[in-house]
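Below is data-v5.txt, holding compact mmCIF, C-alpha atoms.
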```txt
# COMPACT_ATOMS: atom_id res chain seq x y z
CA MET A 1 0.00 0.00 0.00
CA ARG A 2 1.23 3.46 -0.91
CA TYR A 3 -0.03 6.92 -0.08
CA LEU A 4 0.13 8.99 -3.26
CA PHE A 5 -0.21 12.67 -2.41
CA ILE A 6 -1.22 14.62 -5.52
CA SER A 7 0.31 18.10 -5.63
CA PRO A 8 -0.79 20.61 -8.28
CA HIS A 9 2.43 22.63 -7.87
CA LEU A 10 5.90 22.22 -6.45
CA ASP A 11 5.00 22.97 -2.82
CA ASP A 12 1.27 22.33 -2.31
CA VAL A 13 1.54 19.02 -0.44
CA ALA A 14 4.43 20.19 1.73
CA LEU A 15 2.54 23.37 2.58
CA SER A 16 -0.75 21.65 3.32
CA VAL A 17 0.09 18.32 4.95
CA GLY A 18 3.86 18.07 5.29
CA GLY A 19 3.44 16.87 8.87
CA ILE A 20 1.19 13.99 7.81
CA VAL A 21 3.59 13.00 5.03
CA ASN A 22 6.46 12.89 7.54
CA HIS A 23 4.33 10.99 10.08
CA LEU A 24 3.55 8.30 7.48
CA ALA A 25 7.14 8.10 6.27
CA LYS A 26 8.47 7.72 9.82
CA ASN A 27 6.02 4.86 10.30
CA ASN A 28 7.51 3.10 7.28
CA VAL A 29 4.55 3.76 5.00
CA ASP A 30 5.52 4.12 1.34
CA THR A 31 4.67 7.79 0.81
CA GLN A 32 5.03 9.63 -2.49
CA ILE A 33 4.33 13.14 -3.72
CA TRP A 34 3.29 13.42 -7.37
CA THR A 35 3.43 16.96 -8.74
CA PHE A 36 1.64 17.52 -12.03
CA PHE A 37 2.17 21.16 -12.99
CA SER A 38 5.94 21.07 -12.60
CA GLY A 39 7.13 21.19 -16.22
CA SER A 40 9.22 23.95 -17.75
CA PRO A 41 7.54 26.33 -20.21
CA LYS A 42 8.07 25.74 -23.90
CA GLY A 43 10.11 28.57 -25.35
CA SER A 44 10.95 31.92 -23.79
CA ASN A 45 7.86 33.91 -24.82
CA LEU A 46 6.44 34.26 -21.33
CA SER A 47 3.56 36.50 -20.36
CA ASP A 48 4.16 39.70 -18.43
CA PHE A 49 2.48 38.12 -15.43
CA ALA A 50 4.75 35.06 -15.50
CA LEU A 51 7.80 37.29 -15.82
CA SER A 52 6.63 39.38 -12.86
CA LEU A 53 6.44 36.23 -10.72
CA HIS A 54 9.91 35.15 -11.85
CA ASN A 55 11.16 38.56 -10.83
CA ARG A 56 9.53 38.27 -7.39
CA TRP A 57 10.94 34.77 -6.98
CA LYS A 58 14.36 35.99 -8.19
CA LEU A 59 14.53 33.12 -10.66
CA THR A 60 15.51 32.78 -14.32
CA LEU A 61 13.35 31.94 -17.35
CA ASP A 62 13.49 28.24 -16.41
CA ALA A 63 12.13 28.85 -12.92
CA PRO A 64 10.48 25.40 -12.75
CA LYS A 65 13.89 23.75 -12.99
CA ILE A 66 14.98 25.55 -9.81
CA ARG A 67 11.65 24.84 -8.17
CA ARG A 68 12.01 21.12 -8.94
CA LEU A 69 15.35 21.15 -7.14
CA GLU A 70 13.67 22.84 -4.17
CA ASP A 71 10.98 20.16 -4.19
CA ARG A 72 13.49 17.33 -4.23
CA ARG A 73 15.17 18.74 -1.14
CA ALA A 74 11.81 19.22 0.60
CA CYS A 75 10.69 15.66 -0.22
CA ARG A 76 13.99 14.31 1.11
CA ILE A 77 13.39 16.13 4.40
CA LEU A 78 9.81 14.83 4.61
CA GLY A 79 10.95 11.29 3.84
CA ALA A 80 8.78 10.99 0.74
CA ALA A 81 9.58 9.85 -2.76
CA TYR A 82 8.61 12.23 -5.55
CA MET A 83 7.44 12.19 -9.15
CA HIS A 84 7.46 15.30 -11.37
CA PHE A 85 5.08 15.29 -14.31
CA ASN A 86 5.81 17.53 -17.25
CA LEU A 87 2.77 19.78 -17.48
CA PRO A 88 3.45 23.53 -17.20
CA ASP A 89 1.94 25.70 -14.50
CA CYS A 90 -1.11 27.74 -15.54
CA ILE A 91 1.02 30.92 -15.58
CA TYR A 92 2.79 29.47 -18.64
CA ARG A 93 -0.19 28.00 -20.51
CA ARG A 94 -2.12 29.60 -23.35
CA ASP A 95 -5.56 29.19 -24.87
CA ARG A 96 -6.27 28.02 -28.43
CA CYS A 97 -5.72 31.53 -29.76
CA GLY A 98 -2.30 31.76 -28.15
CA ASN A 99 -3.37 34.11 -25.36
CA PRO A 100 -2.10 33.49 -21.80
CA ILE A 101 -4.87 31.97 -19.69
CA VAL A 102 -3.50 33.94 -16.72
CA GLN A 103 -2.79 37.60 -17.37
CA GLU A 104 -3.25 38.91 -13.83
CA GLU A 105 -3.55 37.44 -10.36
CA VAL A 106 -7.35 37.22 -10.39
CA ASP A 107 -7.11 34.86 -13.39
CA LEU A 108 -5.51 32.23 -11.15
CA TYR A 109 -8.94 31.64 -9.57
CA GLN A 110 -11.18 30.87 -12.52
CA LEU A 111 -13.36 28.02 -13.69
CA ILE A 112 -11.66 25.51 -15.96
CA PRO A 113 -11.85 27.02 -19.47
CA THR A 114 -12.66 24.86 -22.47
CA SER A 115 -9.09 25.14 -23.72
CA GLN A 116 -7.83 23.46 -20.53
CA GLN A 117 -10.32 20.60 -20.29
CA TYR A 118 -7.94 18.21 -22.04
CA LEU A 119 -5.73 18.37 -18.94
CA VAL A 120 -8.47 16.80 -16.82
CA ASN A 121 -8.51 13.67 -18.98
CA LYS A 122 -4.72 13.54 -19.25
CA ILE A 123 -4.21 13.74 -15.49
CA TYR A 124 -6.97 11.19 -14.89
CA THR A 125 -5.23 8.79 -17.30
CA ASP A 126 -1.78 9.44 -15.82
CA ILE A 127 -2.96 8.75 -12.27
CA LEU A 128 -4.89 5.64 -13.27
CA THR A 129 -2.05 4.13 -15.28
CA SER A 130 0.72 5.05 -12.82
CA SER A 131 -1.04 3.92 -9.63
CA LEU A 132 -1.93 0.49 -8.27
CA PRO A 133 -5.38 -0.71 -7.17
CA GLU A 134 -4.29 -0.82 -3.52
CA ASP A 135 -2.88 2.73 -3.50
CA ILE A 136 -4.47 5.48 -1.45
CA ILE A 137 -4.69 8.64 -3.56
CA VAL A 138 -4.70 11.89 -1.61
CA SER A 139 -6.09 14.87 -3.50
CA PRO A 140 -6.36 18.57 -2.75
CA MET A 141 -9.88 19.89 -2.18
CA ALA A 142 -9.33 22.97 -4.37
CA ILE A 143 -10.17 25.30 -1.50
CA GLY A 144 -9.48 28.78 -2.84
CA ASN A 145 -10.49 27.71 -6.36
CA HIS A 146 -7.06 27.94 -7.99
CA ILE A 147 -7.50 26.76 -11.58
CA ASP A 148 -4.76 24.11 -11.37
CA HIS A 149 -6.21 22.72 -8.14
CA ARG A 150 -9.65 22.60 -9.81
CA ILE A 151 -8.19 20.62 -12.72
CA ILE A 152 -6.60 18.08 -10.35
CA VAL A 153 -9.86 17.62 -8.43
CA ALA A 154 -11.89 17.26 -11.64
CA ALA A 155 -9.50 14.53 -12.80
CA ILE A 156 -9.57 12.65 -9.51
CA LYS A 157 -13.37 12.80 -9.33
CA GLN A 158 -13.39 10.59 -12.45
CA ILE A 159 -11.51 7.82 -10.66
CA SER A 160 -13.79 5.11 -9.34
CA ASN A 161 -11.53 2.16 -8.53
CA ARG A 162 -9.09 3.67 -6.03
CA THR A 163 -9.32 4.79 -2.40
CA ILE A 164 -9.49 8.60 -2.47
CA LEU A 165 -8.78 10.92 0.45
CA TYR A 166 -8.58 14.72 0.43
CA TYR A 167 -6.46 17.37 2.08
CA GLU A 168 -7.27 21.00 2.82
CA ASP A 169 -5.29 23.37 0.60
CA TYR A 170 -3.00 25.57 2.68
CA PRO A 171 -2.79 28.56 2.94
CA TYR A 172 -6.16 28.91 1.16
CA ILE A 173 -7.87 27.10 4.05
CA ILE A 174 -7.04 30.02 6.37
CA LYS A 175 -7.82 32.70 3.78
CA SER A 176 -10.91 31.43 1.99
CA GLN A 177 -14.15 29.73 2.86
CA ASP A 178 -14.68 28.58 -0.71
CA SER A 179 -14.42 24.89 -1.44
CA GLN A 180 -15.76 22.44 -3.98
CA PHE A 181 -16.52 20.17 -1.05
CA ASP A 182 -19.31 20.24 1.48
CA PHE A 183 -17.60 19.36 4.75
CA SER A 184 -20.87 17.84 5.98
CA GLN A 185 -20.27 15.11 3.40
CA LEU A 186 -16.75 14.42 4.66
CA THR A 187 -15.39 12.53 7.64
CA PRO A 188 -11.94 13.33 9.05
CA ILE A 189 -9.12 10.83 9.45
CA LYS A 190 -7.02 12.29 12.23
CA PHE A 191 -3.25 11.96 12.52
CA ALA A 192 -1.55 12.48 15.88
CA LEU A 193 1.41 14.57 14.74
CA SER A 194 4.38 14.85 17.04
CA GLU A 195 6.38 18.00 17.67
CA ALA A 196 9.09 16.43 15.52
CA ASN A 197 6.63 16.04 12.62
CA VAL A 198 5.76 19.73 12.82
CA ILE A 199 9.44 20.71 12.94
CA ILE A 200 10.09 18.64 9.82
CA TRP A 201 6.99 20.16 8.21
CA HIS A 202 8.18 23.76 8.41
CA ALA A 203 11.78 22.72 7.69
CA ALA A 204 10.58 21.21 4.40
CA ILE A 205 8.62 24.34 3.49
CA ALA A 206 11.76 26.39 4.10
CA GLU A 207 13.41 24.55 1.19
CA TYR A 208 11.05 26.34 -1.22
CA GLN A 209 13.15 29.45 -0.92
CA SER A 210 11.72 31.04 -4.07
CA GLN A 211 8.17 30.80 -2.73
CA ILE A 212 8.57 32.17 0.79
CA SER A 213 7.88 35.74 -0.34
CA THR A 214 4.56 34.65 -1.88
CA PHE A 215 3.03 33.96 1.52
CA TRP A 216 5.31 35.31 4.26
CA LYS A 217 7.74 38.09 5.13
CA ASN A 218 10.53 35.60 5.85
CA LYS A 219 11.22 32.01 6.90
CA ASN A 220 10.76 32.78 10.58
CA SER A 221 7.26 34.16 10.06
CA MET A 222 6.47 31.05 8.01
CA LYS A 223 7.71 28.82 10.82
CA GLN A 224 5.60 30.63 13.40
CA GLU A 225 2.49 30.50 11.21
CA ILE A 226 2.86 26.77 10.58
CA ILE A 227 3.32 26.10 14.30
CA ALA A 228 0.23 28.18 15.09
CA PHE A 229 -1.74 26.41 12.33
CA ALA A 230 -0.76 23.00 13.75
CA ASP A 231 -1.61 24.12 17.30
CA ARG A 232 -5.16 24.84 16.06
CA GLY A 233 -5.34 21.34 14.57
CA GLY A 234 -4.56 22.45 11.03
CA GLY A 235 -2.86 20.05 8.66
CA MET A 236 -3.63 17.05 10.86
CA ASN A 237 -6.60 15.56 9.00
CA LEU A 238 -7.19 13.82 5.73
CA TRP A 239 -10.81 13.61 4.67
CA LYS A 240 -12.93 10.83 3.22
CA LEU A 241 -16.26 11.19 1.45
CA LEU A 242 -19.13 9.61 3.39
```

Represent the structure contained in this file as structure tokens.
Amino acid sequence: MRYLFISPHLDDVALSVGGIVNHLAKNNVDTQIWTFFSGSPKGSNLSDFALSLHNRWKLTLDAPKIRRLEDRRACRILGAAYMHFNLPDCIYRRDRCGNPIVQEEVDLYQLIPTSQQYLVNKIYTDILTSSLPEDIIVSPMAIGNHIDHRIIVAAIKQISNRTILYYEDYPYIIKSQDSQFDFSQLTPIKFALSEANVIIWHAAIAEYQSQISTFWKNKNSMKQEIIAFADRGGGMNLWKLL
């Protein structure tokens, strides 16, 4: 039996449930993080919005290459294996007319456009063909409604012959009440995380150096926020549909 944590981007699982991943790994459970939107963009004709993010992250045109290295280090700390799929992040993708699907920050939180529906079927097929019947697949809930999280959830909802659990998307869970899931239809599976699990959790997040500025002032403020989140019981449940 394996736990396959599905991560839209190169940090989502570590951010959301890094403590649970470490807890499972330390209990000798085969634990893997599969990141789908981790591919490098094709060509150098990036949108202004993508370039602005690269500038904030202080990364080059091939930012995903650096981010994949960050993810490998984070997974090593968590004790999880990793798999990087080759789909580009939404900030690099374009519609059928060649226009960027994300031109400003608000575009990150949109319904899945027709031009991106093919990704739902591709991810569904990739998960089905790369997993085993006994695997436990752990999906984001798409809290916050990020387009790439929506695509992952839409793909996983098509799967009928695997055990599916869900995790709450952090930091969206503390910033947004929007979710594709009705919590009344979910039952929690609680994990008793140790202090050591929480320490490993924020240590893994710290490896995503390029992303710290997206959510926090610095690594210390990140560490304090994760500790406070865990103290409130955050990041300690996976959820199963009733």

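Every residue within 9 Å of the file position (4.2, 17.4, -13.8), judged by all atoms listed in the file, is given as Pro8, His9, Leu10, Trp34, Thr35, Phe36, Phe37, Ser38, Gly39, Met83, His84, Phe85, Asn86, Leu87, Pro88 and Asp89 of chain A.
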
Any chance you can output those residues with C-alpha atoms as a short mmCIF file (atom, residue, chain, number, x, y, z; two decimals), keeping the file's coordinate frame?
```
data_model
loop_
_atom_site.label_atom_id
_atom_site.label_comp_id
_atom_site.auth_asym_id
_atom_site.auth_seq_id
_atom_site.Cartn_x
_atom_site.Cartn_y
_atom_site.Cartn_z
CA PRO A 8 -0.79 20.61 -8.28
CA HIS A 9 2.43 22.63 -7.87
CA LEU A 10 5.90 22.22 -6.45
CA TRP A 34 3.29 13.42 -7.37
CA THR A 35 3.43 16.96 -8.74
CA PHE A 36 1.64 17.52 -12.03
CA PHE A 37 2.17 21.16 -12.99
CA SER A 38 5.94 21.07 -12.60
CA GLY A 39 7.13 21.19 -16.22
CA MET A 83 7.44 12.19 -9.15
CA HIS A 84 7.46 15.30 -11.37
CA PHE A 85 5.08 15.29 -14.31
CA ASN A 86 5.81 17.53 -17.25
CA LEU A 87 2.77 19.78 -17.48
CA PRO A 88 3.45 23.53 -17.20
CA ASP A 89 1.94 25.70 -14.50
#
```

Which residues are near A:Ser210? Cut-off 7 Å, only C-alpha atoms, ignore same chain within fewer than 2 positions. Put them as an mmCIF file with C-alpha atoms, keeping the file's coordinate frame.
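So the final result, stored in around.cif, reads:
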```
data_model
loop_
_atom_site.group_PDB
_atom_site.id
_atom_site.type_symbol
_atom_site.label_atom_id
_atom_site.label_comp_id
_atom_site.auth_asym_id
_atom_site.auth_seq_id
_atom_site.Cartn_x
_atom_site.Cartn_y
_atom_site.Cartn_z
ATOM 1 C CA TRP A 57 10.940 34.770 -6.980
ATOM 2 C CA LYS A 58 14.360 35.990 -8.190
ATOM 3 C CA TYR A 208 11.050 26.340 -1.220
ATOM 4 C CA ILE A 212 8.570 32.170 0.790
#
```

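From atom CA of A:Tyr167 back to atom CA of A:Val138, the distance works out to 6.8 Å.
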
What's the 10 Å shell around A:Tyr3, counting all atoms listed in the file, without same-chain residues fewer than 5 positions away, as a PyMOL selection string? chain A and resi 21+24-25+29-33+80+134-138+163-165

Within 12 Å of (13.1, 17.2, -1.9), in the coordinates the file gives, what residues turn up when you count all atoms listed in the file, written out as a short mmCIF file (atom, residue, chain, number, x, y, z; two decimals) with C-alpha atoms, in the coordinates of the input?
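Resulting contents of result.cif:
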```cif
data_model
loop_
_atom_site.label_atom_id
_atom_site.label_comp_id
_atom_site.auth_asym_id
_atom_site.auth_seq_id
_atom_site.Cartn_x
_atom_site.Cartn_y
_atom_site.Cartn_z
CA LEU A 10 5.90 22.22 -6.45
CA ASP A 11 5.00 22.97 -2.82
CA VAL A 13 1.54 19.02 -0.44
CA ALA A 14 4.43 20.19 1.73
CA GLY A 18 3.86 18.07 5.29
CA GLN A 32 5.03 9.63 -2.49
CA ILE A 33 4.33 13.14 -3.72
CA TRP A 34 3.29 13.42 -7.37
CA THR A 35 3.43 16.96 -8.74
CA ILE A 66 14.98 25.55 -9.81
CA ARG A 67 11.65 24.84 -8.17
CA ARG A 68 12.01 21.12 -8.94
CA LEU A 69 15.35 21.15 -7.14
CA GLU A 70 13.67 22.84 -4.17
CA ASP A 71 10.98 20.16 -4.19
CA ARG A 72 13.49 17.33 -4.23
CA ARG A 73 15.17 18.74 -1.14
CA ALA A 74 11.81 19.22 0.60
CA CYS A 75 10.69 15.66 -0.22
CA ARG A 76 13.99 14.31 1.11
CA ILE A 77 13.39 16.13 4.40
CA LEU A 78 9.81 14.83 4.61
CA GLY A 79 10.95 11.29 3.84
CA ALA A 80 8.78 10.99 0.74
CA ALA A 81 9.58 9.85 -2.76
CA TYR A 82 8.61 12.23 -5.55
CA MET A 83 7.44 12.19 -9.15
CA HIS A 84 7.46 15.30 -11.37
CA ALA A 203 11.78 22.72 7.69
CA ALA A 204 10.58 21.21 4.40
CA ILE A 205 8.62 24.34 3.49
CA ALA A 206 11.76 26.39 4.10
CA GLU A 207 13.41 24.55 1.19
CA TYR A 208 11.05 26.34 -1.22
#
```

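If you look at atom CA of A:Gly233 and atom CA of A:Met141, they are 17.4 Å away from each other.
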
Separating atom CA of A:Ile159 from atom CA of A:Gln110, to the nearest tenth of an Å, is a gap of 23.1 Å

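With all atoms listed in the file as the basis for measurement, A:Ile127 is the residue among A:Phe183, A:Ile174, A:Ile127, A:Arg94 that approaches A:Gln158 most closely.
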
With only C-alpha atoms as the counted atoms, please give the residues lying no more than 7 Å from A:Pro140, apart from itself and same-chain residues fewer than 3 positions off, as a PyMOL selection string. chain A and resi 149+153+166-169

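Distances here use all atoms listed in the file; by that measure, the residue among A:Tyr172, A:Tyr118, A:Phe5, A:Tyr92 closest to A:Val17 is A:Phe5.
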
Distance criterion (all atoms listed in the file): nearest to A:Arg56 out of A:Lys157, A:Leu238, A:Ser221, A:Ser213: A:Ser213

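Of the residues under consideration (A:His54, A:Lys217, A:Lys240, A:Lys223), A:Lys223 shows the shortest atom-to-atom contact distance to A:Ile200 when counting all atoms listed in the file.
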
Choose the residue, out of A:Pro171, A:Pro188, A:Pro100, A:Gly234, that has the smallest atom-to-atom separation from A:Leu15; count all atoms listed in the file. A:Pro171

Can you pull out the residues contacting stretch 101-104 of chain A? Cut-off 12 Å, using only C-alpha atoms, and skip same-chain residues under 6 positions away; I want them as a ChimeraX atom specification. /A:46-53,89-95,110-116,146-148

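Comparing A:Leu242, A:Leu193, A:Ile143, A:Ala155 by their smallest distance to A:Ser176, the closest is A:Ile143 (using all atoms listed in the file).
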
Can you pull out the residues contacting A:Ser40? Cut-off 7 Å, using only C-alpha atoms, and skip same-chain residues under 5 positions away; I want them as a PDB file with C-alpha atoms, keeping the file's coordinate frame.
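Now in around.pdb:
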```pdb
ATOM      1  CA  ASP A  62      13.490  28.240 -16.410  1.00  0.00           C
ATOM      2  CA  PRO A  64      10.480  25.400 -12.750  1.00  0.00           C
ATOM      3  CA  LYS A  65      13.890  23.750 -12.990  1.00  0.00           C
ATOM      4  CA  PRO A  88       3.450  23.530 -17.200  1.00  0.00           C
TER       5      PRO A  88
END
```
